[in-house]
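Visitor: Structure supplied as structure-v4.cif; contents: mmCIF, C-alpha atoms.
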```
data_upload
#
loop_
_atom_site.group_PDB
_atom_site.id
_atom_site.type_symbol
_atom_site.label_atom_id
_atom_site.label_comp_id
_atom_site.auth_asym_id
_atom_site.auth_seq_id
_atom_site.Cartn_x
_atom_site.Cartn_y
_atom_site.Cartn_z
ATOM 1 C CA MET V 1 -7.168 188.436 112.466
ATOM 2 C CA ALA V 2 -7.148 189.165 108.747
ATOM 3 C CA THR V 3 -7.770 186.280 106.387
ATOM 4 C CA LEU V 4 -5.152 185.802 103.686
ATOM 5 C CA GLN V 5 -6.547 185.814 100.154
ATOM 6 C CA TYR V 6 -4.936 183.468 97.654
ATOM 7 C CA THR V 7 -5.371 183.821 93.897
ATOM 8 C CA THR V 8 -4.859 180.734 91.761
ATOM 9 C CA ALA V 9 -2.947 180.828 88.476
ATOM 10 C CA PRO V 10 -6.126 180.239 86.390
ATOM 11 C CA GLU V 11 -7.878 183.090 88.248
ATOM 12 C CA ARG V 12 -4.935 185.427 87.620
ATOM 13 C CA ALA V 13 -5.003 184.496 83.939
ATOM 14 C CA ARG V 14 -8.758 185.157 83.785
ATOM 15 C CA ARG V 15 -8.338 188.585 85.387
ATOM 16 C CA LYS V 16 -5.529 189.456 82.983
ATOM 17 C CA ARG V 17 -7.683 188.513 79.977
ATOM 18 C CA ALA V 18 -10.576 190.582 81.340
ATOM 19 C CA ALA V 19 -8.311 193.584 81.889
ATOM 20 C CA GLU V 20 -6.972 193.349 78.328
ATOM 21 C CA SER V 21 -10.340 192.719 76.673
ATOM 22 C CA GLN V 22 -11.585 196.315 76.678
ATOM 23 C CA PRO V 23 -8.433 197.890 75.159
ATOM 24 C CA VAL V 24 -8.489 195.245 72.433
ATOM 25 C CA GLN V 25 -12.176 195.884 71.710
ATOM 26 C CA ASP V 26 -11.533 199.631 71.560
ATOM 27 C CA ILE V 27 -8.797 199.081 68.956
ATOM 28 C CA VAL V 28 -11.026 196.726 66.973
ATOM 29 C CA ARG V 29 -13.938 199.190 66.963
ATOM 30 C CA ARG V 30 -11.789 202.120 65.858
ATOM 31 C CA ILE V 31 -10.112 200.152 63.053
ATOM 32 C CA GLU V 32 -13.513 198.884 61.889
ATOM 33 C CA GLU V 33 -14.812 202.445 61.614
ATOM 34 C CA ASP V 34 -11.632 203.543 59.850
ATOM 35 C CA ILE V 35 -12.129 200.769 57.288
ATOM 36 C CA VAL V 36 -15.733 201.883 56.759
ATOM 37 C CA PHE V 37 -14.672 205.490 56.236
ATOM 38 C CA ARG V 38 -11.625 204.670 54.105
ATOM 39 C CA VAL V 39 -9.009 205.921 56.521
ATOM 40 C CA TYR V 40 -7.624 202.501 55.654
ATOM 41 C CA HIS V 41 -8.297 201.489 52.062
ATOM 42 C CA PRO V 42 -8.949 197.983 50.670
ATOM 43 C CA ARG V 43 -5.675 196.021 50.450
ATOM 44 C CA GLU V 44 -3.770 198.620 52.473
ATOM 45 C CA ARG V 45 -1.220 197.145 54.908
ATOM 46 C CA LEU V 46 -1.820 197.594 58.624
ATOM 47 C CA VAL V 47 1.606 198.038 60.202
ATOM 48 C CA GLU V 48 1.851 196.878 63.809
ATOM 49 C CA ASP V 49 4.378 199.533 64.843
ATOM 50 C CA GLU V 50 2.175 202.313 63.476
ATOM 51 C CA LEU V 51 -0.906 200.899 65.228
ATOM 52 C CA MET V 52 1.013 200.581 68.502
ATOM 53 C CA GLN V 53 1.978 204.237 68.290
ATOM 54 C CA ARG V 54 -1.475 205.401 67.251
ATOM 55 C CA PHE V 55 -3.356 203.519 69.977
ATOM 56 C CA GLU V 56 -0.567 203.721 72.581
ATOM 57 C CA ALA V 57 -0.876 199.962 72.961
ATOM 58 C CA LYS V 58 1.543 197.097 73.436
ATOM 59 C CA ARG V 59 2.273 194.784 70.522
ATOM 60 C CA HIS V 60 0.383 191.797 71.921
ATOM 61 C CA LEU V 61 -2.826 193.896 72.230
ATOM 62 C CA VAL V 62 -2.497 195.114 68.643
ATOM 63 C CA ARG V 63 -1.927 191.553 67.481
ATOM 64 C CA GLN V 64 -5.001 190.363 69.386
ATOM 65 C CA ALA V 65 -7.058 193.102 67.718
ATOM 66 C CA LEU V 66 -5.759 192.150 64.261
ATOM 67 C CA ALA V 67 -6.504 188.490 64.969
ATOM 68 C CA GLU V 68 -10.103 189.381 65.854
ATOM 69 C CA LEU V 69 -10.436 191.549 62.750
ATOM 70 C CA ASP V 70 -9.080 188.637 60.718
ATOM 71 C CA ARG V 71 -11.671 186.253 62.187
ATOM 72 C CA ASP V 72 -14.436 188.742 61.420
ATOM 73 C CA GLY V 73 -13.325 189.193 57.815
ATOM 74 C CA PHE V 74 -12.071 192.780 58.007
ATOM 75 C CA VAL V 75 -8.412 192.061 57.420
ATOM 76 C CA LEU V 76 -6.267 189.308 55.963
ATOM 77 C CA ARG V 77 -3.155 188.144 57.793
ATOM 78 C CA LYS V 78 -0.497 186.369 55.760
ATOM 79 C CA PRO V 79 2.744 184.776 56.982
ATOM 80 C CA ASN V 80 5.732 187.113 56.672
ATOM 81 C CA SER V 81 3.661 189.931 55.147
ATOM 82 C CA GLY V 82 1.525 191.134 58.056
ATOM 83 C CA ALA V 83 -2.107 192.242 57.823
ATOM 84 C CA GLN V 84 -3.972 194.137 55.146
ATOM 85 C CA VAL V 85 -7.496 195.470 54.788
ATOM 86 C CA ARG V 86 -9.674 192.935 53.059
ATOM 87 C CA ALA V 87 -11.406 193.802 49.786
ATOM 88 C CA LEU V 88 -14.649 191.856 49.464
ATOM 89 C CA THR V 89 -15.149 190.282 46.068
ATOM 90 C CA ALA V 90 -18.461 190.675 44.276
ATOM 91 C CA LYS V 91 -19.294 187.034 45.086
ATOM 92 C CA GLU V 92 -18.540 187.532 48.775
ATOM 93 C CA ALA V 93 -20.638 190.692 48.961
ATOM 94 C CA ILE V 94 -23.599 189.046 47.224
ATOM 95 C CA GLU V 95 -23.443 185.994 49.486
ATOM 96 C CA LEU V 96 -23.104 188.005 52.695
ATOM 97 C CA TYR V 97 -26.078 190.180 51.794
ATOM 98 C CA ALA V 98 -28.129 187.106 50.884
ATOM 99 C CA VAL V 99 -27.516 185.704 54.367
ATOM 100 C CA ARG V 100 -28.310 189.078 55.941
ATOM 101 C CA GLU V 101 -31.647 189.196 54.137
ATOM 102 C CA ILE V 102 -32.563 185.706 55.354
ATOM 103 C CA LEU V 103 -31.634 186.517 58.952
ATOM 104 C CA GLU V 104 -33.206 189.969 59.126
ATOM 105 C CA THR V 105 -36.494 189.084 57.450
ATOM 106 C CA SER V 106 -36.749 185.970 59.630
ATOM 107 C CA CYS V 107 -36.265 188.194 62.662
ATOM 108 C CA ALA V 108 -38.999 190.574 61.496
ATOM 109 C CA LYS V 109 -41.389 187.613 61.280
ATOM 110 C CA LEU V 110 -40.770 186.782 64.948
ATOM 111 C CA ILE V 111 -41.432 190.209 66.471
ATOM 112 C CA PRO V 112 -44.662 190.220 68.533
ATOM 113 C CA MET V 113 -46.876 192.845 66.914
ATOM 114 C CA PRO V 114 -48.146 195.478 67.246
ATOM 115 C CA VAL V 115 -45.313 196.739 69.437
ATOM 116 C CA ASP V 116 -46.240 198.630 72.589
ATOM 117 C CA VAL V 117 -45.484 202.351 72.438
ATOM 118 C CA ARG V 118 -43.307 202.079 75.545
ATOM 119 C CA ARG V 119 -41.033 199.583 73.815
ATOM 120 C CA LEU V 120 -40.883 201.737 70.703
ATOM 121 C CA ALA V 121 -39.995 204.952 72.548
ATOM 122 C CA PRO V 122 -36.218 204.267 72.858
ATOM 123 C CA ILE V 123 -36.062 203.189 69.201
ATOM 124 C CA GLU V 124 -37.822 206.381 68.128
ATOM 125 C CA LYS V 125 -35.246 208.345 70.132
ATOM 126 C CA ILE V 126 -32.407 206.618 68.279
ATOM 127 C CA GLN V 127 -34.102 207.432 64.985
ATOM 128 C CA ARG V 128 -34.308 211.117 65.909
ATOM 129 C CA GLU V 129 -30.563 211.005 66.583
ATOM 130 C CA HIS V 130 -30.036 209.324 63.207
ATOM 131 C CA ALA V 131 -32.070 212.028 61.430
ATOM 132 C CA ALA V 132 -30.185 214.791 63.263
ATOM 133 C CA ALA V 133 -26.847 213.276 62.246
ATOM 134 C CA ILE V 134 -27.949 213.206 58.605
ATOM 135 C CA LYS V 135 -29.008 216.832 58.811
ATOM 136 C CA SER V 136 -25.642 217.855 60.293
ATOM 137 C CA LYS V 137 -23.763 215.673 57.750
ATOM 138 C CA ASP V 138 -21.943 213.806 60.529
ATOM 139 C CA VAL V 139 -21.458 210.486 58.722
ATOM 140 C CA ARG V 140 -19.771 208.741 61.648
ATOM 141 C CA ALA V 141 -22.724 209.609 63.886
ATOM 142 C CA VAL V 142 -25.065 208.430 61.113
ATOM 143 C CA PHE V 143 -23.212 205.124 60.958
ATOM 144 C CA ARG V 144 -23.398 204.554 64.726
ATOM 145 C CA ALA V 145 -27.049 205.610 65.013
ATOM 146 C CA ASN V 146 -28.004 203.367 62.105
ATOM 147 C CA LEU V 147 -26.394 200.365 63.798
ATOM 148 C CA ALA V 148 -28.107 201.211 67.078
ATOM 149 C CA PHE V 149 -31.511 201.595 65.381
ATOM 150 C CA HIS V 150 -31.418 198.208 63.700
ATOM 151 C CA ALA V 151 -30.017 196.458 66.777
ATOM 152 C CA ALA V 152 -32.886 197.861 68.860
ATOM 153 C CA VAL V 153 -35.486 196.799 66.292
ATOM 154 C CA PHE V 154 -34.113 193.269 65.987
ATOM 155 C CA ARG V 155 -33.953 192.808 69.771
ATOM 156 C CA LEU V 156 -37.749 193.038 69.763
ATOM 157 C CA CYS V 157 -37.867 189.473 68.415
ATOM 158 C CA GLY V 158 -36.614 188.091 71.761
ATOM 159 C CA ASN V 159 -34.216 185.580 70.162
ATOM 160 C CA ASP V 160 -30.762 186.547 71.398
ATOM 161 C CA ALA V 161 -28.939 184.008 69.218
ATOM 162 C CA LEU V 162 -30.615 185.373 66.076
ATOM 163 C CA VAL V 163 -29.876 188.965 67.094
ATOM 164 C CA GLU V 164 -26.215 188.046 67.613
ATOM 165 C CA ALA V 165 -26.037 186.367 64.188
ATOM 166 C CA ILE V 166 -27.576 189.443 62.537
ATOM 167 C CA ALA V 167 -25.016 191.703 64.220
ATOM 168 C CA ASP V 168 -22.160 189.427 63.151
ATOM 169 C CA PHE V 169 -23.135 189.446 59.465
ATOM 170 C CA ALA V 170 -23.851 193.172 59.550
ATOM 171 C CA ARG V 171 -20.306 193.783 60.814
ATOM 172 C CA ARG V 172 -18.881 191.618 58.049
ATOM 173 C CA THR V 173 -20.413 193.952 55.474
ATOM 174 C CA HIS V 174 -19.070 197.146 57.101
ATOM 175 C CA PRO V 175 -16.445 197.581 54.332
ATOM 176 C CA VAL V 176 -19.333 197.963 51.866
ATOM 177 C CA ARG V 177 -20.987 200.857 53.717
ATOM 178 C CA LEU V 178 -18.986 203.884 52.583
ATOM 179 C CA THR V 179 -20.418 203.723 49.071
ATOM 180 C CA THR V 180 -23.793 204.799 50.451
ATOM 181 C CA LEU V 181 -22.898 206.617 53.682
ATOM 182 C CA VAL V 182 -21.534 209.531 51.671
ATOM 183 C CA THR V 183 -24.584 209.728 49.381
ATOM 184 C CA GLU V 184 -27.206 212.243 50.508
ATOM 185 C CA GLN V 185 -29.937 210.566 48.457
ATOM 186 C CA TYR V 186 -29.304 207.201 50.109
ATOM 187 C CA LEU V 187 -29.190 208.687 53.605
ATOM 188 C CA GLU V 188 -32.573 210.328 53.095
ATOM 189 C CA GLN V 189 -33.938 207.063 51.714
ATOM 190 C CA ALA V 190 -32.614 205.192 54.765
ATOM 191 C CA ARG V 191 -34.158 207.767 57.116
ATOM 192 C CA GLY V 192 -37.522 207.413 55.384
ATOM 193 C CA GLU V 193 -37.400 203.623 55.522
ATOM 194 C CA HIS V 194 -36.614 203.741 59.244
ATOM 195 C CA GLU V 195 -39.752 205.843 59.750
ATOM 196 C CA LEU V 196 -41.786 203.335 57.734
ATOM 197 C CA MET V 197 -40.406 200.468 59.842
ATOM 198 C CA LEU V 198 -41.500 202.250 62.999
ATOM 199 C CA ARG V 199 -44.964 202.805 61.523
ATOM 200 C CA ALA V 200 -45.218 199.108 60.601
ATOM 201 C CA LEU V 201 -44.218 198.126 64.151
ATOM 202 C CA ARG V 202 -46.834 200.461 65.644
ATOM 203 C CA LYS V 203 -49.600 199.220 63.358
ATOM 204 C CA GLY V 204 -48.631 195.548 63.430
ATOM 205 C CA ASP V 205 -48.072 195.437 59.660
ATOM 206 C CA ARG V 206 -45.720 192.454 59.544
ATOM 207 C CA ALA V 207 -45.718 192.028 55.764
ATOM 208 C CA ARG V 208 -44.693 195.668 55.356
ATOM 209 C CA LEU V 209 -41.919 195.326 57.938
ATOM 210 C CA VAL V 210 -40.495 192.192 56.298
ATOM 211 C CA ALA V 211 -40.505 193.861 52.871
ATOM 212 C CA LEU V 212 -38.787 196.970 54.272
ATOM 213 C CA CYS V 213 -36.061 194.883 55.944
ATOM 214 C CA ALA V 214 -35.274 193.244 52.609
ATOM 215 C CA ARG V 215 -35.422 196.482 50.608
ATOM 216 C CA HIS V 216 -33.277 198.364 53.112
ATOM 217 C CA LEU V 217 -30.264 196.149 52.322
ATOM 218 C CA GLN V 218 -30.282 196.658 48.563
ATOM 219 C CA PRO V 219 -28.779 200.145 48.017
ATOM 220 C CA SER V 220 -25.453 199.546 49.783
ATOM 221 C CA ARG V 221 -25.028 196.150 48.140
ATOM 222 C CA GLU V 222 -25.772 197.476 44.646
ATOM 223 C CA ALA V 223 -23.585 200.570 45.087
ATOM 224 C CA TYR V 224 -20.650 198.415 46.199
ATOM 225 C CA LEU V 225 -21.049 196.046 43.265
ATOM 226 C CA ARG V 226 -20.996 199.015 40.874
ATOM 227 C CA THR V 227 -17.709 200.288 42.291
ATOM 228 C CA ILE V 228 -15.843 197.041 42.912
ATOM 229 C CA GLY V 229 -14.501 196.507 39.389
ATOM 230 C CA HIS V 230 -11.236 198.348 39.957
ATOM 231 C CA LEU V 231 -10.383 196.152 42.961
ATOM 232 C CA ASN V 232 -10.683 192.763 41.222
#
```
Here is the file; what I need is its structure written in the form of structure tokens.

Guide:
Amino acid sequence: MATLQYTTAPERARRKRAAESQPVQDIVRRIEEDIVFRVYHPRERLVEDELMQRFEAKRHLVRQALAELDRDGFVLRKPNSGAQVRALTAKEAIELYAVREILETSCAKLIPMPVDVRRLAPIEKIQREHAAAIKSKDVRAVFRANLAFHAAVFRLCGNDALVEAIADFARRTHPVRLTTLVTEQYLEQARGEHELMLRALRKGDRARLVALCARHLQPSREAYLRTIGHLN
């Protein structure tokens, strides 16, 4: 005799949230990238009806995505005027990068060194993908590979809470990135610094790694500050 299966209201609600989570995250990720690459410009309105059509999504999913983007500092939502892409002020950019430097250099100090070649192998693979994307001038692939490279390096510290905090503050500075992602000189500099980070990890040169983590943040911050005048 078959056993009847009953689903409680809280369990049904949990399953519904889980089913909706991935579509919302897909919308969030795509809008984030579009903000980075200026498909959506600072202070541009994000119209719900247009987003629903573009992503073939229901209104409540689009609203959830905009709410998450608002919490993360990508957009501003105002009563009766909808959402718009946030333009970071110079003060906000400086403060966010100051926190990033504290977090990322602290992480570098925690990584057990030297790092075993087997643990470095997947990071070296990501870096080869990053270099190939630069060579082919695929800036979206460069952006994704760069994020993956740093996430893999920071995970070596073994502190999941710190890694999560680093990722959160890195995302909050995504709107700054375009100023350097389209600059060939910066991309080559970033590629070279990634190689130096890998060398420091192999050799156990902690002081060099910490210095590189701090230096690596400077170009995008400084480029954004030079171009922000017309927005404020």

Visitor: Within 12 Å of segment 182-187 of chain V, which residues of segment 36-112 of chain V come that close, and what is the closest atom pair and distance in Å for each? Count all atoms listed in the file and give it as a tab-separated table.

Guide:
```
residue	atom	partner	partner_atom	distance
V:Val36	CA	V:Val182	CA	10.9
V:Phe37	CA	V:Val182	CA	9.2
V:Arg38	CA	V:Val182	CA	11.3
```

Visitor: Nearest to Leu212 of chain V: which of V:Thr105, V:Gln25, V:Gln64, V:Asn80 is it, counting all atoms listed in the file?

Guide: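 Smallest distance to Leu212 of chain V is found for V:Thr105.
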
Visitor: Tell me, in Å to one decimal, how far atom CA of Arg208 of chain V is from atom CA of Arg191 of chain V.

Guide: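 About the pair atom CA of Arg208 of chain V and atom CA of Arg191 of chain V: they are 16.1 Å apart.
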
Visitor: Take atom CA of Asp72 of chain V and atom CA of Leu225 of chain V and report the distance between them in Å, one decimal.

Guide: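 Computing it gives 20.7 Å between the two atoms.
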
Visitor: Hey, which bits of segment 43-121 of chain V sit within 8 Å of segment 192-201 of chain V, and for each residue what's the closest pair of atoms and how far apart in Å (one decimal), counting only C-alpha atoms, rows by chain and increasing number, as a Markdown table?

Guide:
```
| residue | atom | partner | partner_atom | distance |
| --- | --- | --- | --- | --- |
| V:Met113 | CA | V:Leu201 | CA | 6.5 |
| V:Pro114 | CA | V:Leu201 | CA | 5.7 |
| V:Val115 | CA | V:Leu201 | CA | 5.6 |
| V:Leu120 | CA | V:Leu198 | CA | 7.7 |
```

Visitor: Give me the box for segment 22-28 of chain V as lines of an AutoDock Vina configuration file, namely the centre and edge lengths in Å to one decimal of a box along x, y and z that holds every listed atom plus 5 Å on each side.

Guide:
```
center_x = -10.3
center_y = 197.4
center_z = 71.8
size_x = 13.7
size_y = 14.4
size_z = 19.7
```

Visitor: For each of V:Met52, V:Ala190, V:Tyr40, V:Pro112, take the minimum atom-to-atom distance to Phe143 of chain V, counting all atoms listed in the file, then give the residue where this is smallest.

Guide: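 With all atoms listed in the file as the atom set, the closest residue is V:Ala190.
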
Visitor: Record the distance separating atom CA of Ala170 of chain V and atom CA of Val117 of chain V, expressed in Å with one decimal.

Guide: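 Answer for the atom CA of Ala170 of chain V to atom CA of Val117 of chain V separation: 26.8 Å.
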
Visitor: Could you name the residues that touch Asp70 of chain V at 12 Å or less, counting only C-alpha atoms, but leaving out those on the same chain fewer than 2 positions away, as a list of chain:residue names?

Guide: V:Val28, V:Ile31, V:Glu32, V:Leu46, V:Arg63, V:Gln64, V:Ala65, V:Leu66, V:Ala67, V:Glu68, V:Asp72, V:Gly73, V:Phe74, V:Val75, V:Leu76, V:Arg77, V:Lys78, V:Gly82, V:Ala83, V:Gln84, V:Val85, V:Arg86, V:Arg172

Visitor: What would the list of residues within 12 Å of (-36.2, 192.9, 74.6) (file frame) look like as a list in words, if only C-alpha atoms are what count?

Guide: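 Answer for this query, in the requested form: Ile111, Pro112, Val115, Asp116, Arg118, Arg119, Leu120, Pro122, Ile123, Ala151, Ala152, Val153, Phe154, Arg155, Leu156, Cys157, Gly158, Asn159, Asp160 and Val163 of chain V.
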
Visitor: With only C-alpha atoms as the basis for distance, which of V:Thr227, V:Gln218, V:Ser136, V:Gln53 is at the shortest distance from Ala90 of chain V?

Guide: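 Closest to Ala90 of chain V, using only C-alpha atoms: V:Thr227.
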
Visitor: Of the residues V:Glu44, V:Glu56, V:Asp26, V:Glu104, which is the one nearest to Leu209 of chain V, using only C-alpha atoms?

Guide: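 Ranking V:Glu44, V:Glu56, V:Asp26, V:Glu104 by distance to Leu209 of chain V, first place goes to V:Glu104.
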
Visitor: Which one is closest to Ser81 of chain V: V:Asp34, V:Asp138, V:Glu48, V:Glu188? Count all atoms listed in the file.

Guide: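 Of V:Asp34, V:Asp138, V:Glu48, V:Glu188, the one nearest Ser81 of chain V, counting all atoms listed in the file, is V:Glu48.
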
Visitor: Pick out the closest residue to Ala121 of chain V from this set: V:Arg202, V:Arg140, V:Arg43, V:His60. Count all atoms listed in the file.

Guide: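 Closest residue, counting all atoms listed in the file: V:Arg202.
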
Visitor: With the file shown as input, list the residues that the PyMOL selection byres ((chain V and resi 173) around 12) selects, as a ChimeraX atom specification.

Guide: /V:32-33,35-36,72-74,86-90,92-100,166-172,174-179,217,220-221,224
